[in-house]
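K.L.:
Coordinates in start.txt, compact mmCIF, C-alpha atoms and all ligand atoms, are listed below.
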# COMPACT_ATOMS: atom_id res chain seq x y z
CA MET A 155 146.21 174.02 73.35
CA PRO A 156 148.84 175.74 75.50
CA VAL A 157 147.90 176.42 79.09
CA LEU A 158 148.45 180.10 79.61
CA PRO A 159 150.08 181.11 82.86
CA PRO A 160 147.71 183.11 85.03
CA TRP A 161 148.83 186.66 84.44
CA VAL A 162 146.66 189.75 84.53
CA SER A 163 148.49 191.62 81.81
CA ASP A 164 147.42 189.25 79.05
CA PRO A 165 143.68 189.75 78.87
CA ALA A 166 141.73 187.17 76.90
CA GLY A 167 138.26 188.55 77.46
CA PRO A 168 136.26 191.72 77.99
CA VAL A 169 136.29 191.56 81.79
CA ALA A 170 140.06 191.34 81.95
CA ARG A 171 140.31 194.04 79.31
CA GLU A 172 138.30 196.34 81.56
CA ILE A 173 140.64 195.70 84.45
CA VAL A 174 144.08 195.67 82.82
CA PRO A 175 144.36 199.39 81.85
CA LEU A 176 143.32 200.36 85.36
CA TYR A 177 145.82 197.88 86.79
CA TRP A 178 148.66 199.43 84.80
CA PHE A 179 147.49 202.98 85.52
CA MET A 180 147.50 202.31 89.28
CA PHE A 181 150.78 200.42 89.03
CA GLY A 182 152.34 203.33 87.11
CA ALA A 183 151.03 205.86 89.64
CA ALA A 184 152.44 203.78 92.48
CA VAL A 185 155.85 203.58 90.80
CA LEU A 186 155.78 207.35 90.21
CA VAL A 187 154.97 208.00 93.88
CA LEU A 188 157.73 205.62 94.92
CA ALA A 189 160.23 207.37 92.63
CA ILE A 190 159.30 210.88 93.79
CA VAL A 191 159.21 210.08 97.51
CA ASP A 192 162.26 207.83 97.64
CA GLY A 193 164.12 209.96 95.11
CA GLY A 194 163.47 213.06 97.22
CA LEU A 195 164.54 211.22 100.34
CA ILE A 196 167.81 210.06 98.85
CA TYR A 197 168.50 213.43 97.22
CA ALA A 198 167.87 215.32 100.47
CA GLY A 199 169.87 212.81 102.47
CA ILE A 200 172.90 213.31 100.27
CA LYS A 201 172.61 217.02 99.59
CA TYR A 202 171.88 218.16 103.14
CA ARG A 203 173.96 215.65 105.05
CA GLU A 204 176.28 216.85 107.78
CA ARG A 205 179.81 217.31 106.56
CA PRO A 206 182.97 218.49 108.33
CA GLY A 207 182.61 222.20 108.73
CA VAL A 208 179.01 222.26 107.45
CA ALA A 209 176.26 221.83 110.03
CA ALA A 210 173.02 220.22 108.81
CA LYS A 211 170.29 222.85 108.52
CA GLN A 212 167.39 222.31 110.86
CA PHE A 213 163.92 223.49 109.95
CA HIS A 214 160.40 222.68 111.05
CA GLY A 215 157.16 222.81 109.11
CA HIS A 216 156.66 223.70 105.46
CA ASN A 217 153.15 224.73 104.55
CA LEU A 218 153.47 224.19 100.82
CA LEU A 219 154.90 220.67 101.27
CA GLU A 220 152.29 219.74 103.87
CA LEU A 221 149.56 220.94 101.57
CA ALA A 222 151.03 219.08 98.59
CA TRP A 223 151.26 215.69 100.29
CA THR A 224 147.74 216.02 101.58
CA VAL A 225 146.05 217.30 98.45
CA ILE A 226 147.86 215.19 95.83
CA PRO A 227 147.12 211.79 97.47
CA THR A 228 143.52 212.84 98.03
CA ILE A 229 143.12 213.67 94.35
CA MET A 230 144.79 210.38 93.39
CA VAL A 231 142.51 208.33 95.64
CA ILE A 232 139.45 210.11 94.20
CA ILE A 233 140.61 209.38 90.63
CA PHE A 234 141.28 205.70 91.49
CA SER A 235 137.87 205.39 93.13
CA VAL A 236 135.98 206.89 90.21
CA LEU A 237 137.80 204.67 87.69
CA SER A 238 137.27 201.59 89.90
CA PHE A 239 133.56 202.18 90.39
CA GLN A 240 133.09 202.79 86.68
CA ARG A 241 134.56 199.36 86.02
CA LEU A 242 132.64 197.73 88.85
CA LEU A 243 129.45 198.73 87.04
CA VAL A 244 130.57 196.56 84.12
CA LEU A 245 131.99 193.74 86.25
CA ASN A 246 128.96 193.50 88.51
CA ASP A 247 126.49 193.43 85.63
CA ILE A 248 126.46 189.66 85.42
CA ASP A 249 123.01 189.35 83.83
CA THR A 250 122.86 191.66 80.80
CA GLY A 251 123.53 189.60 77.70
CA ALA A 252 124.50 186.47 79.62
CA GLN A 253 124.01 183.45 77.35
CA MET A 254 124.91 180.69 79.73
CA THR A 255 124.85 180.00 83.45
CA VAL A 256 127.23 177.72 85.31
CA LYS A 257 126.97 176.96 89.01
CA VAL A 258 130.28 176.81 90.86
CA HIS A 259 130.46 174.80 94.07
CA ALA A 260 133.71 175.37 95.95
CA ARG A 261 134.82 173.02 98.66
CA GLN A 262 138.07 172.00 100.31
CA TRP A 263 139.91 171.71 97.92
CA THR A 264 138.27 171.61 94.59
CA PHE A 265 135.85 173.48 92.39
CA GLN A 266 132.85 171.67 90.99
CA PHE A 267 131.01 173.02 87.97
CA GLU A 268 127.37 172.33 87.27
CA TYR A 269 125.72 173.15 83.94
CA PRO A 270 122.02 173.68 84.64
CA GLN A 271 121.01 174.68 81.13
CA ALA A 272 121.64 173.74 77.51
CA PHE A 273 123.81 175.95 75.31
CA GLY A 274 122.59 176.00 71.73
CA ASP A 275 122.45 172.40 70.62
CA ALA A 276 124.81 171.33 73.41
CA ALA A 277 122.66 169.34 75.81
CA LEU A 278 124.29 169.22 79.23
CA VAL A 279 122.15 166.56 80.88
CA THR A 280 123.31 163.13 82.02
CA ARG A 281 121.34 159.90 81.71
CA ASP A 282 119.83 160.31 85.18
CA GLY A 283 118.18 163.53 83.97
CA LYS A 284 120.43 165.74 86.10
CA ALA A 285 122.65 168.63 85.09
CA LEU A 286 126.17 167.69 84.03
CA THR A 287 128.71 168.29 86.79
CA ALA A 288 132.47 168.09 86.62
CA GLN A 289 135.43 168.85 88.84
CA GLN A 290 138.14 171.40 88.33
CA GLU A 291 137.64 172.17 84.65
CA LEU A 292 135.12 174.70 83.43
CA HIS A 293 134.31 174.44 79.74
CA ILE A 294 132.85 177.45 77.99
CA PRO A 295 132.26 178.54 74.40
CA VAL A 296 134.29 181.54 73.19
CA ASN A 297 132.68 184.94 72.71
CA THR A 298 129.90 183.98 75.08
CA LYS A 299 129.06 185.78 78.28
CA VAL A 300 128.96 183.12 80.95
CA LYS A 301 127.37 183.88 84.28
CA LEU A 302 128.82 182.06 87.27
CA GLU A 303 126.70 181.47 90.35
CA ILE A 304 129.26 180.76 93.02
CA THR A 305 128.82 179.20 96.43
CA SER A 306 130.86 177.24 98.95
CA GLU A 307 130.05 174.09 100.81
CA ASP A 308 132.47 174.66 103.69
CA VAL A 309 134.74 177.67 104.18
CA ILE A 310 135.28 180.84 102.15
CA HIS A 311 137.10 180.31 98.87
CA SER A 312 137.64 182.69 95.98
CA VAL A 313 137.43 182.24 92.23
CA TRP A 314 140.01 183.96 90.04
CA VAL A 315 141.09 183.34 86.47
CA PRO A 316 143.45 186.26 85.83
CA ASN A 317 143.48 186.14 82.02
CA LEU A 318 139.71 186.30 81.96
CA GLY A 319 139.46 188.72 84.87
CA GLY A 320 137.26 189.24 87.86
CA LYS A 321 137.61 187.69 91.26
CA LYS A 322 134.79 186.65 93.54
CA ASP A 323 134.56 185.01 96.92
CA ALA A 324 132.69 181.74 97.32
CA VAL A 325 130.80 182.09 100.58
CA PRO A 326 128.95 179.25 102.32
CA GLY A 327 125.19 179.85 102.44
CA ARG A 328 125.31 182.60 99.83
CA VAL A 329 125.38 182.81 96.06
CA THR A 330 127.77 185.34 94.56
CA GLY A 331 127.93 186.23 90.88
CA LEU A 332 130.75 186.71 88.42
CA TRP A 333 130.85 186.72 84.65
CA LEU A 334 133.51 185.45 82.31
CA GLU A 335 133.98 185.66 78.61
CA ALA A 336 136.92 184.40 76.58
CA ASP A 337 137.40 185.88 73.14
CA ARG A 338 139.93 183.32 72.00
CA ALA A 339 139.97 179.57 72.43
CA GLY A 340 142.46 178.28 74.94
CA THR A 341 143.07 176.89 78.35
CA TYR A 342 143.26 179.40 81.15
CA LYS A 343 144.57 178.70 84.61
CA GLY A 344 142.87 179.91 87.72
CA GLN A 345 143.34 179.48 91.41
CA CYS A 346 141.46 179.69 94.67
CA PHE A 347 142.43 183.06 96.02
CA GLU A 348 141.31 182.89 99.63
CA PHE A 349 143.33 180.89 102.11
CA CYS A 350 141.11 177.92 102.87
CA GLY A 351 143.26 175.31 104.61
CA ASP A 352 146.01 172.81 103.86
CA GLY A 353 145.07 172.27 100.23
CA HIS A 354 144.62 175.94 99.32
CA ALA A 355 147.72 176.17 97.13
CA ASP A 356 146.58 173.16 95.10
CA MET A 357 143.02 174.36 94.68
CA LEU A 358 143.25 175.08 91.01
CA LEU A 359 140.66 175.64 88.39
CA ILE A 360 141.05 175.49 84.65
CA VAL A 361 138.84 177.25 82.16
CA VAL A 362 138.80 175.69 78.71
CA ALA A 363 137.31 177.95 76.05
CA HIS A 364 136.14 176.07 72.96
CA PRO A 365 135.36 177.52 69.54
CA LYS A 366 131.59 177.89 69.45
CA ASN A 367 131.11 175.26 66.76
CA GLU A 368 133.10 172.71 68.81
CA TYR A 369 131.27 173.24 72.07
CA ALA A 370 128.45 170.82 71.33
CA ALA A 371 131.01 168.10 70.53
CA TRP A 372 132.75 168.69 73.85
CA ALA A 373 129.39 168.59 75.64
CA GLN A 374 128.57 165.28 73.99
CA ARG A 375 131.90 163.77 75.10
CA ALA A 376 131.54 165.15 78.63
CA VAL A 377 128.02 163.79 78.99
CA ALA A 378 129.10 160.40 77.61
CA GLU A 379 131.97 160.33 80.16
CA ALA A 380 129.65 161.27 82.99
CA ASP A 381 127.09 158.70 81.84
CA LEU A 382 129.71 156.00 82.22
CA PHE A 383 129.69 156.59 85.96
CA LEU A 384 125.94 156.15 85.91
CA ASP A 385 125.92 152.89 83.97
CA PRO A 386 124.11 150.36 86.20
CA ALA A 387 126.70 147.71 85.26
CA THR A 388 129.64 149.75 86.55
CA GLN A 389 128.08 152.18 88.96
CA ARG A 390 128.95 150.10 92.00
CA GLY A 391 132.58 149.97 90.90
CA SER A 392 132.76 153.72 90.45
CA GLU A 393 131.15 154.23 93.87
CA LEU A 394 133.70 151.88 95.45
CA PHE A 395 136.56 153.58 93.64
CA LYS A 396 135.38 156.94 94.90
CA THR A 397 134.90 155.86 98.52
CA LEU A 398 137.77 153.43 99.02
CA ALA A 399 141.49 154.24 99.27
CA CYS A 400 141.76 154.44 95.44
CA ALA A 401 140.39 157.99 95.50
CA GLY A 402 143.17 159.24 97.77
CA CYS A 403 145.89 158.55 95.20
CA HIS A 404 144.36 158.36 91.75
CA LYS A 405 142.64 160.89 89.58
CA ILE A 406 139.79 159.90 87.32
CA GLU A 407 138.43 162.86 85.47
CA GLY A 408 135.06 163.81 86.88
CA LEU A 409 135.25 161.34 89.76
CA THR A 410 138.35 161.62 91.92
CA ALA A 411 141.23 164.03 92.23
CA GLY A 412 144.14 162.09 93.80
CA THR A 413 147.58 163.15 92.64
CA VAL A 414 149.92 160.67 94.36
CA GLY A 415 149.46 157.80 91.91
CA PRO A 416 149.05 157.72 88.14
CA GLU A 417 145.92 159.21 86.61
CA LEU A 418 143.46 156.49 85.58
CA THR A 419 140.99 158.47 83.51
CA HIS A 420 141.80 156.42 80.42
CA ILE A 421 143.36 153.35 82.03
CA ALA A 422 141.54 150.97 79.70
CA SER A 423 143.30 152.59 76.74
CA LYS A 424 146.76 152.23 78.24
CA ALA A 425 149.22 149.62 77.00
CA ASN A 426 150.11 148.26 80.42
CA ILE A 427 149.50 148.43 84.15
CA ALA A 428 152.33 149.93 86.21
CA GLY A 429 154.70 149.15 83.35
CA VAL A 430 154.78 145.44 84.16
CA LEU A 431 151.41 143.94 83.27
CA SER A 432 150.20 143.94 79.71
CA PRO A 433 147.62 144.12 78.28
CA VAL A 434 145.15 146.01 80.46
CA ASN A 435 142.45 143.37 80.82
CA GLU A 436 140.28 141.87 83.52
CA GLU A 437 142.76 139.19 84.54
CA ASN A 438 145.77 141.51 84.81
CA LEU A 439 143.89 144.31 86.55
CA THR A 440 142.53 141.83 89.09
CA ARG A 441 146.00 140.42 89.75
CA TRP A 442 147.37 143.88 90.20
CA ILE A 443 144.73 145.14 92.64
CA GLN A 444 144.83 141.92 94.68
CA ASN A 445 148.49 142.37 95.52
CA PRO A 446 150.53 145.04 93.71
CA PRO A 447 153.85 144.40 95.55
CA ALA A 448 153.70 140.75 94.48
CA VAL A 449 153.57 141.87 90.84
CA LYS A 450 155.99 144.78 91.09
CA PRO A 451 158.21 144.68 94.19
CA GLY A 452 158.71 148.12 95.70
CA THR A 453 155.61 149.68 94.16
CA ALA A 454 154.03 152.47 96.16
CA MET A 455 150.60 150.89 95.84
CA PRO A 456 149.86 148.59 98.77
CA ALA A 457 147.71 145.49 98.82
CA LEU A 458 144.42 146.82 100.12
CA GLY A 459 142.98 143.48 101.24
CA LEU A 460 139.78 143.93 99.23
CA ASP A 461 137.44 141.00 98.80
CA ALA A 462 136.97 139.37 95.41
CA GLU A 463 133.54 140.88 94.77
CA THR A 464 134.82 144.42 95.47
CA ILE A 465 137.84 143.96 93.23
CA ASP A 466 135.60 142.57 90.51
CA ALA A 467 133.31 145.61 90.61
CA ILE A 468 136.24 148.02 90.51
CA VAL A 469 137.90 146.15 87.64
CA LYS A 470 134.66 146.16 85.61
CA PHE A 471 134.40 149.88 86.17
CA LEU A 472 138.04 150.60 85.29
CA LEU A 473 137.76 148.67 82.06
CA THR A 474 135.12 151.14 80.88
CA ARG A 475 137.59 154.01 81.31
CA LYS A 476 138.79 154.17 77.72
CU1 LIG B 501 139.88 177.29 98.42
CU2 LIG B 501 141.80 178.59 98.97
Mind converting the file's structure to structure tokens?

P.N.:
Amino acid sequence: MPVLPPWVSDPAGPVAREIVPLYWFMFGAAVLVLAIVDGGLIYAGIKYRERPGVAAKQFHGHNLLELAWTVIPTIMVIIFSVLSFQRLLVLNDIDTGAQMTVKVHARQWTFQFEYPQAFGDAALVTRDGKALTAQQELHIPVNTKVKLEITSEDVIHSVWVPNLGGKKDAVPGRVTGLWLEADRAGTYKGQCFEFCGDGHADMLLIVVAHPKNEYAAWAQRAVAEADLFLDPATQRGSELFKTLACAGCHKIEGLTAGTVGPELTHIASKANIAGVLSPVNEENLTRWIQNPPAVKPGTAMPALGLDAETIDAIVKFLLTRK
């Protein structure tokens, strides 16, 4: 599925479709005002300029003009307000007809999505009996009104997926609401829209809209993935991976979000490690983590000086990442 660039003029859902005509109407009005004002300025500047033998005409006050540039903007602002509030009624009605609720937890610098309820036959509960949670990617069924309950765990962030419309701040200590609906399957890019610190520009969110009949299959895969982290045999390894230096560089879907090193979500399915060790098995992974530069001189990954038991737990965990 192509990832659509975030652009307001390509609405993919009813919320965005509410907003887009108003966006273009206001944009058009602004361009018109620009053309009239600047056009008039340039015209007057040329026509009435001082020339040899012709003195520029001086005049003060012009009741009709003064009235026009007071009344016309007032009328425009009233029209914009009425149209905006009409749409806000639709945008703010997050409850009517909502078929699914997702909780959004924003924090520096990632969005976490929690699915507190089942959708149809898609059970969204992990083996510990808790609601499925995942980072960065929000998965929704198409043609379904999804209610987002948004909050922040640190500073103010803002949720915006332009193709689907609507923008809402994530405020610590408060829950704000937004609704999304995609009417065609696809992957839609979004972005934190409130400056929130160093990582603001990289605070992305992706909405993946699945055909309704494929949503349960996605849910099953997502729950199975999440369950892997909860497997008693590998849980210690995943905890270590998350808390040690690994997390700073490597991404594992649903666990860590590092971007410096290669993504390891499916490392156990890869053909080799760092291009030099093959196959990906316990022995090779252990050798690699013990001392990467000894295996591949010049590699960016340093020897972390981990003890054998720690490496063993991490290796066992990584080998489940198929
Ligand atoms: Cu979070 Cu900007």

K.L.:
Can you tell me, as a short mmCIF file (atom, residue, chain, number, x, y, z; two decimals) with C-alpha atoms, in the coordinates of the input, what residues are no more than 10 Å from Ala378 (chain A) when counting only C-alpha atoms, ignoring any on the same chain fewer than 4 positions away?

P.N.:
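Once written, selection-v2.cif looks like this:
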data_model
loop_
_atom_site.label_atom_id
_atom_site.label_comp_id
_atom_site.auth_asym_id
_atom_site.auth_seq_id
_atom_site.Cartn_x
_atom_site.Cartn_y
_atom_site.Cartn_z
CA VAL A 279 122.15 166.56 80.88
CA THR A 280 123.31 163.13 82.02
CA ARG A 281 121.34 159.90 81.71
CA TRP A 372 132.75 168.69 73.85
CA ALA A 373 129.39 168.59 75.64
CA GLN A 374 128.57 165.28 73.99
CA LEU A 382 129.71 156.00 82.22
CA PHE A 383 129.69 156.59 85.96
CA LEU A 384 125.94 156.15 85.91
#

K.L.:
Show me which residues sit within 10 Å of ligand LIG 501 (chain B) when counting only C-alpha atoms and all ligand atoms, and put them as a list in words.

P.N.:
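Answer in the requested format: Ala260, Arg261, Gln262, Trp263, Thr264, Phe265, Ser306, Asp308, Val309, Ile310, His311, Ser312, Val313, Asp323, Ala324, Gln345, Cys346, Phe347, Glu348, Phe349, Cys350, Gly351, Asp352, Gly353, His354, Ala355, Asp356, Met357 and Leu358 of chain A.
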
K.L.:
For region 443-445 of chain A, find every residue with an atom within 8 Å (counting all atoms listed in the file), except residues of its own chain fewer than 5 positions away, and show them as number ranges by chain.

P.N.:
A: 456-460, 465

K.L.:
Check the smallest atom-to-atom distance from each of A:Lys470, A:Ala209, A:Gly193, A:Leu237 to Pro175 (chain A) using all atoms listed in the file, then report the winner.

P.N.:
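Ranking A:Lys470, A:Ala209, A:Gly193, A:Leu237 by distance to Pro175 (chain A), first place goes to A:Leu237.
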
K.L.:
Report the distance between CA of Thr464 (chain A) and CA of Ala399 (chain A) in Å, rounded to one decimal place.

P.N.:
12.5 Å

K.L.:
Dump as a PyMOL selection string all residues having an atom at most 10 Å from (126.9, 180.6, 85.1), computed in the file's coordinates with all atoms listed in the file.

P.N.:
chain A and resi 248-249+252-258+267-271+294+299-304+331-334
